[in-house]
Structures are given as C-alpha cells and as structure tokens.
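Colleague: Input file: start-v4.cif. Contents: mmCIF, C-alpha atoms.
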data_data
loop_
_atom_site.label_atom_id
_atom_site.label_comp_id
_atom_site.auth_asym_id
_atom_site.auth_seq_id
_atom_site.Cartn_x
_atom_site.Cartn_y
_atom_site.Cartn_z
CA MET A 247 75.72 -27.98 35.71
CA SER A 248 74.33 -26.20 32.67
CA ARG A 249 74.86 -26.44 28.96
CA ILE A 250 77.08 -23.35 29.27
CA SER A 251 79.76 -25.79 30.45
CA THR A 252 79.52 -27.65 27.14
CA GLU A 253 79.59 -24.43 25.14
CA TYR A 254 82.73 -23.41 27.00
CA GLN A 255 84.48 -26.74 26.44
CA PHE A 256 83.85 -26.92 22.72
CA LYS A 257 83.53 -23.29 21.58
CA ASP A 258 85.21 -20.96 24.07
CA HIS A 259 88.05 -23.08 25.46
CA PRO A 260 89.76 -23.74 22.08
CA GLN A 261 90.23 -20.01 21.56
CA THR A 262 92.15 -19.73 24.84
CA CYS A 263 94.82 -22.07 23.44
CA ASP A 264 97.73 -21.27 21.20
CA ARG A 265 96.81 -21.89 17.57
CA ASP A 266 99.57 -24.52 17.39
CA ASP A 267 98.34 -26.38 20.49
CA LEU A 268 96.22 -28.82 18.53
CA TRP A 269 95.61 -31.35 21.31
CA GLY A 270 95.08 -28.69 23.96
CA GLN A 271 92.37 -27.09 21.83
CA VAL A 272 90.31 -30.29 21.92
CA LYS A 273 91.28 -31.20 25.50
CA ARG A 274 93.17 -34.33 24.47
CA THR A 275 95.38 -33.80 27.49
CA VAL A 276 96.47 -35.38 30.76
CA GLY A 277 97.15 -33.04 33.64
CA GLY A 278 96.84 -30.13 31.24
CA LYS A 279 99.58 -31.43 28.94
CA PRO A 280 98.96 -32.89 25.44
CA VAL A 281 98.89 -36.67 25.29
CA THR A 282 101.88 -38.36 23.68
CA ASP A 283 102.21 -39.42 20.05
CA GLU A 284 102.00 -43.01 21.28
CA GLN A 285 98.58 -42.35 22.81
CA ILE A 286 97.34 -40.73 19.60
CA ALA A 287 98.61 -43.71 17.60
CA MET A 288 96.58 -45.99 19.87
CA ILE A 289 93.44 -43.97 19.10
CA ILE A 290 94.06 -44.08 15.35
CA ASP A 291 94.63 -47.84 15.45
CA ALA A 292 91.53 -48.45 17.58
CA ILE A 293 89.29 -46.55 15.17
CA SER A 294 90.88 -47.99 12.02
CA GLN A 295 90.63 -51.56 13.27
CA GLY A 296 87.25 -51.04 14.93
CA VAL A 297 85.46 -50.09 11.70
CA ASP A 298 87.87 -51.98 9.40
CA LEU A 299 88.86 -48.76 7.64
CA ASN A 300 90.21 -49.49 4.15
CA ALA A 301 91.49 -47.63 1.10
CA GLN A 302 88.04 -47.48 -0.54
CA ASP A 303 86.20 -46.01 2.46
CA ARG A 304 85.00 -42.44 2.75
CA LEU A 305 84.87 -41.40 6.40
CA LEU A 306 82.45 -38.97 8.04
CA ASP A 307 83.86 -37.46 11.25
CA LEU A 308 81.13 -35.78 13.28
CA CYS A 309 82.29 -33.28 15.93
CA CYS A 310 85.76 -33.43 14.37
CA GLY A 311 87.31 -30.54 16.29
CA ASN A 312 90.39 -29.11 14.59
CA GLY A 313 90.92 -32.09 12.30
CA ALA A 314 94.20 -33.21 13.91
CA LEU A 315 92.74 -36.68 14.49
CA SER A 316 90.57 -36.73 11.36
CA THR A 317 93.43 -36.07 8.97
CA GLN A 318 95.36 -39.13 10.13
CA LEU A 319 92.32 -41.32 9.50
CA PHE A 320 91.48 -39.70 6.16
CA GLY A 321 95.02 -40.60 5.13
CA ARG A 322 94.19 -44.28 5.64
CA CYS A 323 91.19 -44.26 3.31
CA ALA A 324 89.83 -42.43 0.27
CA GLY A 325 89.34 -39.27 2.34
CA GLY A 326 86.34 -37.80 4.03
CA LEU A 327 84.55 -34.91 5.67
CA GLY A 328 84.88 -33.40 9.13
CA VAL A 329 81.98 -31.49 10.70
CA ASP A 330 82.16 -29.29 13.80
CA TYR A 331 80.22 -26.33 15.20
CA SER A 332 83.26 -24.40 16.47
CA ASP A 333 84.28 -21.77 13.95
CA PHE A 334 87.72 -21.51 15.55
CA LEU A 335 88.39 -25.25 15.30
CA ILE A 336 87.10 -25.49 11.72
CA ASP A 337 89.30 -22.52 10.78
CA VAL A 338 92.30 -24.42 12.15
CA ALA A 339 91.24 -27.59 10.33
CA ASN A 340 90.86 -25.79 7.00
CA GLU A 341 94.10 -23.88 7.47
CA ARG A 342 96.20 -26.95 8.29
CA PHE A 343 94.60 -30.07 6.88
CA ALA A 344 92.01 -29.45 4.16
CA ARG A 345 92.79 -30.98 0.75
CA PRO A 346 89.60 -30.56 -1.29
CA PRO A 347 87.89 -32.59 -2.57
CA VAL A 348 89.60 -35.50 -0.77
CA GLU A 349 89.69 -33.99 2.71
CA ARG A 350 87.16 -31.31 3.65
CA TYR A 351 85.99 -29.60 6.85
CA VAL A 352 82.70 -27.74 7.27
CA LEU A 353 81.25 -25.55 10.00
CA ASP A 354 77.91 -26.97 11.13
CA ASP A 355 76.01 -28.45 14.04
CA ALA A 356 76.28 -32.23 13.75
CA LEU A 357 72.52 -32.90 13.88
CA ALA A 358 71.74 -30.08 11.47
CA TYR A 359 74.32 -31.47 9.07
CA LEU A 360 72.85 -35.00 9.31
CA HIS A 361 69.47 -33.59 8.34
CA ARG A 362 70.62 -31.61 5.32
CA GLU A 363 73.57 -33.41 3.70
CA GLU A 364 72.58 -33.69 0.03
CA GLU A 365 74.75 -36.71 -0.80
CA PRO A 366 74.70 -38.92 2.30
CA GLN A 367 75.26 -42.05 0.22
CA LEU A 368 78.87 -41.04 -0.44
CA PHE A 369 80.08 -42.13 3.01
CA THR A 370 80.86 -45.71 4.06
CA LYS A 371 82.07 -45.27 7.66
CA ALA A 372 81.45 -42.69 10.38
CA MET A 373 82.87 -41.70 13.74
CA CYS A 374 82.24 -39.40 16.67
CA TYR A 375 85.16 -39.33 19.06
CA GLY A 376 84.71 -37.79 22.48
CA ALA A 377 81.55 -35.76 21.81
CA PHE A 378 78.65 -38.23 21.85
CA PRO A 379 78.15 -38.06 25.68
CA TYR A 380 77.26 -34.36 25.36
CA PHE A 381 74.13 -35.00 23.30
CA PRO A 382 70.96 -35.09 25.44
CA GLN A 383 69.29 -38.50 25.27
CA PRO A 384 66.61 -37.60 22.65
CA LEU A 385 69.24 -35.97 20.44
CA ALA A 386 71.63 -38.89 20.86
CA LEU A 387 68.90 -41.21 19.58
CA GLU A 388 68.09 -38.84 16.71
CA PHE A 389 71.81 -38.70 15.82
CA LEU A 390 71.98 -42.50 15.49
CA GLN A 391 68.63 -42.73 13.69
CA LEU A 392 69.67 -40.16 11.08
CA LEU A 393 72.92 -41.97 10.41
CA HIS A 394 70.99 -45.20 9.89
CA ALA A 395 68.08 -43.81 7.86
CA ARG A 396 69.77 -41.21 5.63
CA PHE A 397 73.38 -42.37 5.35
CA THR A 398 72.58 -45.77 3.91
CA GLY A 399 76.11 -46.38 2.66
CA ILE A 400 77.51 -46.28 6.19
CA GLU A 401 77.90 -49.80 7.53
CA GLN A 402 79.82 -49.02 10.73
CA VAL A 403 80.11 -46.14 13.19
CA PHE A 404 82.79 -45.65 15.85
CA LEU A 405 81.74 -43.88 19.05
CA GLY A 406 84.85 -43.17 21.11
CA GLN A 407 85.63 -42.15 24.68
CA LEU A 408 82.27 -42.97 26.27
CA PRO A 409 82.21 -42.49 30.06
CA ASP A 410 81.36 -45.85 31.67
CA ARG A 411 78.64 -45.51 34.29
CA SER A 412 79.76 -48.75 35.94
CA ARG A 413 83.21 -47.24 36.56
CA MET A 414 82.35 -43.78 37.86
CA ASP A 415 84.05 -44.46 41.18
CA GLU A 416 87.34 -45.00 39.36
CA PHE A 417 87.11 -41.49 37.91
CA PHE A 418 85.69 -39.55 40.86
CA THR A 419 88.66 -40.07 43.16
CA SER A 420 90.03 -36.53 43.25
CA ARG A 421 86.79 -34.54 43.52
CA VAL A 422 83.28 -34.93 44.87
CA ARG A 423 80.62 -35.99 42.37
CA VAL A 424 77.77 -33.50 42.04
CA PRO A 425 74.49 -35.39 42.48
CA GLY A 426 72.91 -36.08 39.09
CA GLU A 427 75.83 -34.89 36.98
CA GLU A 428 76.20 -38.35 35.44
CA ASP A 429 72.89 -37.74 33.63
CA ASP A 430 73.65 -34.14 32.62
CA PRO A 431 74.85 -33.67 29.01
CA GLY A 432 76.09 -30.22 29.98
CA SER A 433 78.38 -31.47 32.73
CA LEU A 434 82.14 -31.83 32.47
CA MET A 435 81.98 -35.44 31.24
CA GLY A 436 78.53 -35.45 29.69
CA ILE A 437 76.20 -38.44 30.14
CA TRP A 438 77.65 -41.58 31.69
CA ARG A 439 76.17 -44.80 30.26
CA THR A 440 76.79 -48.46 30.90
CA GLN A 441 77.64 -50.60 27.92
CA GLU A 442 74.15 -52.09 28.18
CA GLN A 443 72.50 -48.66 28.10
CA LEU A 444 74.51 -47.60 25.06
CA THR A 445 73.68 -50.88 23.34
CA GLU A 446 69.96 -50.44 23.95
CA LEU A 447 70.06 -46.85 22.67
CA ALA A 448 71.85 -47.87 19.48
CA ARG A 449 69.58 -50.86 18.84
CA ARG A 450 66.56 -48.55 18.93
CA ALA A 451 68.15 -46.75 15.97
CA GLY A 452 68.92 -49.93 14.01
CA TRP A 453 72.49 -50.69 15.05
CA GLU A 454 74.16 -53.71 16.58
CA VAL A 455 76.88 -52.85 19.09
CA ARG A 456 80.26 -54.23 20.07
CA CYS A 457 81.95 -52.48 22.97
CA SER A 458 85.69 -52.44 23.53
CA ARG A 459 88.27 -50.91 25.83
CA MET A 460 91.60 -49.38 25.08
CA PRO A 461 94.74 -51.10 26.45
CA THR A 462 95.48 -50.41 30.11
CA THR A 463 98.36 -48.14 29.05
CA PHE A 464 95.87 -45.72 27.50
CA PHE A 465 95.29 -42.68 29.71
CA SER A 466 91.51 -43.07 30.16
CA SER A 467 91.00 -46.81 29.74
CA HIS A 468 90.00 -47.24 33.40
CA TYR A 469 86.76 -45.26 33.07
CA ARG A 470 85.86 -45.09 29.37
CA PHE A 471 84.91 -47.48 26.61
CA ASP A 472 84.42 -47.37 22.83
CA ALA A 473 81.48 -48.71 20.81
CA ILE A 474 81.49 -50.03 17.27
CA LEU A 475 78.04 -49.89 15.68
CA THR A 476 77.15 -52.12 12.73
CA ARG A 477 74.03 -51.73 10.65
CA ILE A 478 71.41 -54.40 11.40
#
Please express what this file holds, its structure, as structure tokens.
Modeller:
Amino acid sequence: MSRISTEYQFKDHPQTCDRDDLWGQVKRTVGGKPVTDEQIAMIIDAISQGVDLNAQDRLLDLCCGNGALSTQLFGRCAGGLGVDYSDFLIDVANERFARPPVERYVLDDALAYLHREEEPQLFTKAMCYGAFPYFPQPLALEFLQLLHARFTGIEQVFLGQLPDRSRMDEFFTSRVRVPGEEDDPGSLMGIWRTQEQLTELARRAGWEVRCSRMPTTFFSSHYRFDAILTRI
C-alpha cells in the first residue's frame, strides 16, 4: 500500500463527509457510524489523566484534525494549539472552536511546525491521537526528538491509538492481511509496534514510557494501546 492511502484518509476523506459530521471526518467511527459520546468521554479522560492535565497547562495537539477532540481538552486547561495539515479540517476547527488567543488552530505539517515554532517553551503538555503510526520510522523518531529538544517546557506527551503488533490477529479477523502492511506507514492502520518497540523508539529521543490500554468497553481496546511519555 502506498502513501496515497494516508493522503486519502487525512486529506481527501474528510471532504467527502458532511461538514457537521465531526467524528466521521476524522474516522472516529465504528461500522461507519460515529462513536458514542460515552466513547469520546473515555478518550478525554484517558488523555487528561494520562498526562495529568491541569488548569495551568498549555496543550499542543499535533495532527489535531477538526479540533472536536482538542477543544474538550483545551477546556480542561489554560488552552492550547492544534496543528494539522488538512486545510478542510483546520477550516472546520477555526470555524467551530477557535477562541484566540486561548484556543488556536493552524494549518501546517506536524514536523515542519515542530521545526519552526518560535515560542516552543509556551507548551507544557503535548498529544498526538491516532496519527503517530502513519509517520515513517525515521520521521517518528525525529518527531519525538524535536519535542524533547525544542519544546523544553513539555514534560509529558500522550500518543493515542497505537496499533499493537502483538495483537494483530485480533484485528485481522474479517480480511486477509497484506504481507508487510504492518510495517507500512501508508497502509490503512499505519505501522504496528509492540509496546517494547514503541518504548525503545521513545527512549532514543529522551523519553520514558508508560503504556496503557483503554477499558474493554472501548471500541478498539482489543488491538490498540496508548503511551504516556515523560521527559527523562
């Protein structure tokens, strides 16, 4: 599978959805239908508790999509910034959720943004929910290194919805796995990593890692995990 698949998922697909279909735009769906409010609340709680989000924090949300998730987290802290490379999704985010200067959304490639942010010290926590598996391995390492080296105020990072390589068989029950797709960042699910592989990758960039799973009632808990990174 090629990177065209990734471009479709994150740039072309959102524009096929109704502008009000916020969860459909970012594929937060089960069987093609948006996940329930209860499932979204579980995500918000997992991120908030995972990085100990508090009223003084400023949150950086990389690959934020349309801001529907970001805005709920920004409301639990002193605000923050969402970054995404889809002009459609950022338009939706700015139309619905932006409250400058407390809550802002910018159009940019995540890695390009990490290189050029002029005030990286403003942020205290960061997250990337659902998109990290689509970074090729060298870029995934660069992503984590930049957060560690330039954004020195960030003490914790939440990486959410990581496909668990040790549980691939629990996902590939309804279709045949294409040989090698678990290592292809352009495939439907991106790169599958074990918790140990993710931990080793993050440690190379200066982060300690604690992995966790969502409750069994969460729609993807049987084949995904989350990672909370803490600065070493």
Colleague: With 12 Å as the cut-off and all atoms listed in the file counted, what is the closest atom pair between each nearby residue of stretch 385-454 of chain A and stretch 258-281 of chain A? Distances in Å to one decimal, ordered by chain and number, as a tab-separated table.
Modeller:
residue	atom	partner	partner_atom	distance
A:Gln407	CA	A:Arg274	CA	10.9
A:Leu434	CA	A:Lys273	CA	11.5
A:Met435	CA	A:Lys273	CA	11.7
Colleague: Out of A:His468, A:Arg450, A:Arg322, A:Arg477, which residue has the shortest atom-to-atom distance to A:Leu305 when counting only C-alpha atoms?
Modeller: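 Of A:His468, A:Arg450, A:Arg322, A:Arg477, the one nearest A:Leu305, counting only C-alpha atoms, is A:Arg322.
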Colleague: Fewer than 5 positions away in the same chain doesn't count, so skip those; otherwise give me all residues within 12 Å of A:Ile293, counting all atoms listed in the file, as a ChimeraX atom specification.
Modeller: /A:286-288,298-300,305,307,315-316,318-320,322,371-375,402-407,458-460,472-475
Colleague: What does the distance from atom CA of A:Ala448 to atom CA of A:Pro431 come to in Å, to one decimal?
Modeller: 17.4 Å
Colleague: Go ahead and compute the interatomic distance for atom CA of A:Ala451 and atom CA of A:Tyr359, in Å to one decimal.
Modeller: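 Going from atom CA of A:Ala451 over to atom CA of A:Tyr359 covers 17.9 Å.
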Colleague: Would you kindly identify which residues have an atom no farther than 10 Å from (92.9, -32.4, 6.4), using only C-alpha atoms and the file's own coordinates, and write them out as a PDB file with C-alpha atoms, in the coordinates of the input?
Modeller:
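Output file part_19.pdb follows:
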ATOM      1  CA  ASN A 312      90.390 -29.110  14.590  1.00  0.00           C
ATOM      2  CA  GLY A 313      90.920 -32.090  12.300  1.00  0.00           C
ATOM      3  CA  ALA A 314      94.200 -33.210  13.910  1.00  0.00           C
ATOM      4  CA  LEU A 315      92.740 -36.680  14.490  1.00  0.00           C
ATOM      5  CA  SER A 316      90.570 -36.730  11.360  1.00  0.00           C
ATOM      6  CA  THR A 317      93.430 -36.070   8.970  1.00  0.00           C
ATOM      7  CA  GLN A 318      95.360 -39.130  10.130  1.00  0.00           C
ATOM      8  CA  LEU A 319      92.320 -41.320   9.500  1.00  0.00           C
ATOM      9  CA  PHE A 320      91.480 -39.700   6.160  1.00  0.00           C
ATOM     10  CA  GLY A 321      95.020 -40.600   5.130  1.00  0.00           C
ATOM     11  CA  GLY A 325      89.340 -39.270   2.340  1.00  0.00           C
ATOM     12  CA  GLY A 326      86.340 -37.800   4.030  1.00  0.00           C
ATOM     13  CA  LEU A 327      84.550 -34.910   5.670  1.00  0.00           C
ATOM     14  CA  GLY A 328      84.880 -33.400   9.130  1.00  0.00           C
ATOM     15  CA  VAL A 338      92.300 -24.420  12.150  1.00  0.00           C
ATOM     16  CA  ALA A 339      91.240 -27.590  10.330  1.00  0.00           C
ATOM     17  CA  ASN A 340      90.860 -25.790   7.000  1.00  0.00           C
ATOM     18  CA  GLU A 341      94.100 -23.880   7.470  1.00  0.00           C
ATOM     19  CA  ARG A 342      96.200 -26.950   8.290  1.00  0.00           C
ATOM     20  CA  PHE A 343      94.600 -30.070   6.880  1.00  0.00           C
ATOM     21  CA  ALA A 344      92.010 -29.450   4.160  1.00  0.00           C
ATOM     22  CA  ARG A 345      92.790 -30.980   0.750  1.00  0.00           C
ATOM     23  CA  PRO A 346      89.600 -30.560  -1.290  1.00  0.00           C
ATOM     24  CA  VAL A 348      89.600 -35.500  -0.770  1.00  0.00           C
ATOM     25  CA  GLU A 349      89.690 -33.990   2.710  1.00  0.00           C
ATOM     26  CA  ARG A 350      87.160 -31.310   3.650  1.00  0.00           C
ATOM     27  CA  TYR A 351      85.990 -29.600   6.850  1.00  0.00           C
TER      28      TYR A 351
END
Colleague: Between atom CA of A:Thr462 and atom CA of A:Glu416, measure the distance and give it in Å to one decimal.
Modeller: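 Distance reported for this atom pair: 13.5 Å.
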Colleague: Choose the residue, out of A:Ser466, A:Gly432, A:Val329, A:Phe471, that has the smallest atom-to-atom separation from A:Phe381; count only C-alpha atoms.
Modeller: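 That would be A:Gly432, the residue with the smallest distance to A:Phe381.
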Colleague: Translate the PyMOL selection byres ((chain A and resi 361) around 12) into a concrete residue list for this structure, as a list in words.
Modeller: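 The output of the PyMOL selection byres ((chain A and resi 361) around 12) on this file is Asp354, Asp355, Ala356, Leu357, Ala358, Tyr359, Leu360, Arg362, Glu363, Glu364, Glu365, Pro366, Glu388, Phe389, Leu390, Gln391, Leu392, Leu393, His394, Ala395, Arg396 and Phe397 of chain A.
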Colleague: Compare A:Gln383, A:Gln443, A:Thr476, A:Ser467 by their minimum atom-to-atom distance to A:Glu401, counting only C-alpha atoms, and give me the closest one.
Modeller: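 The shortest atom-to-atom distance to A:Glu401 comes from A:Thr476.
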Colleague: Output the residue selection produced by the PyMOL selection byres ((chain A and resi 411) around 9) on the file above, formatted as a list of chain:residue names.
Modeller: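 So the PyMOL selection byres ((chain A and resi 411) around 9) ends up selecting A:Pro409, A:Asp410, A:Ser412, A:Arg413, A:Met414, A:Asp415, A:Glu428, A:Ile437, A:Trp438, A:Arg439, A:Thr440, A:Gln441, A:Tyr469, A:Arg470.
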Colleague: Determine, counting all atoms listed in the file, every residue of protein, DNA or RNA that lies within 8 Å of (76.4, -42.1, 0.3) in the file coordinates, then give the result as a list in words.
Modeller: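 Protein, DNA and RNA residues close to (76.4, -42.1, 0.3): Glu365, Pro366, Gln367, Leu368, Phe369, Thr370, Phe397, Thr398, Gly399 and Ile400 of chain A.
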Colleague: Nearest to A:Gly452: which of A:Leu387, A:Ile336, A:Ile289, A:Gln302 is it, counting only C-alpha atoms?
Modeller: A:Leu387
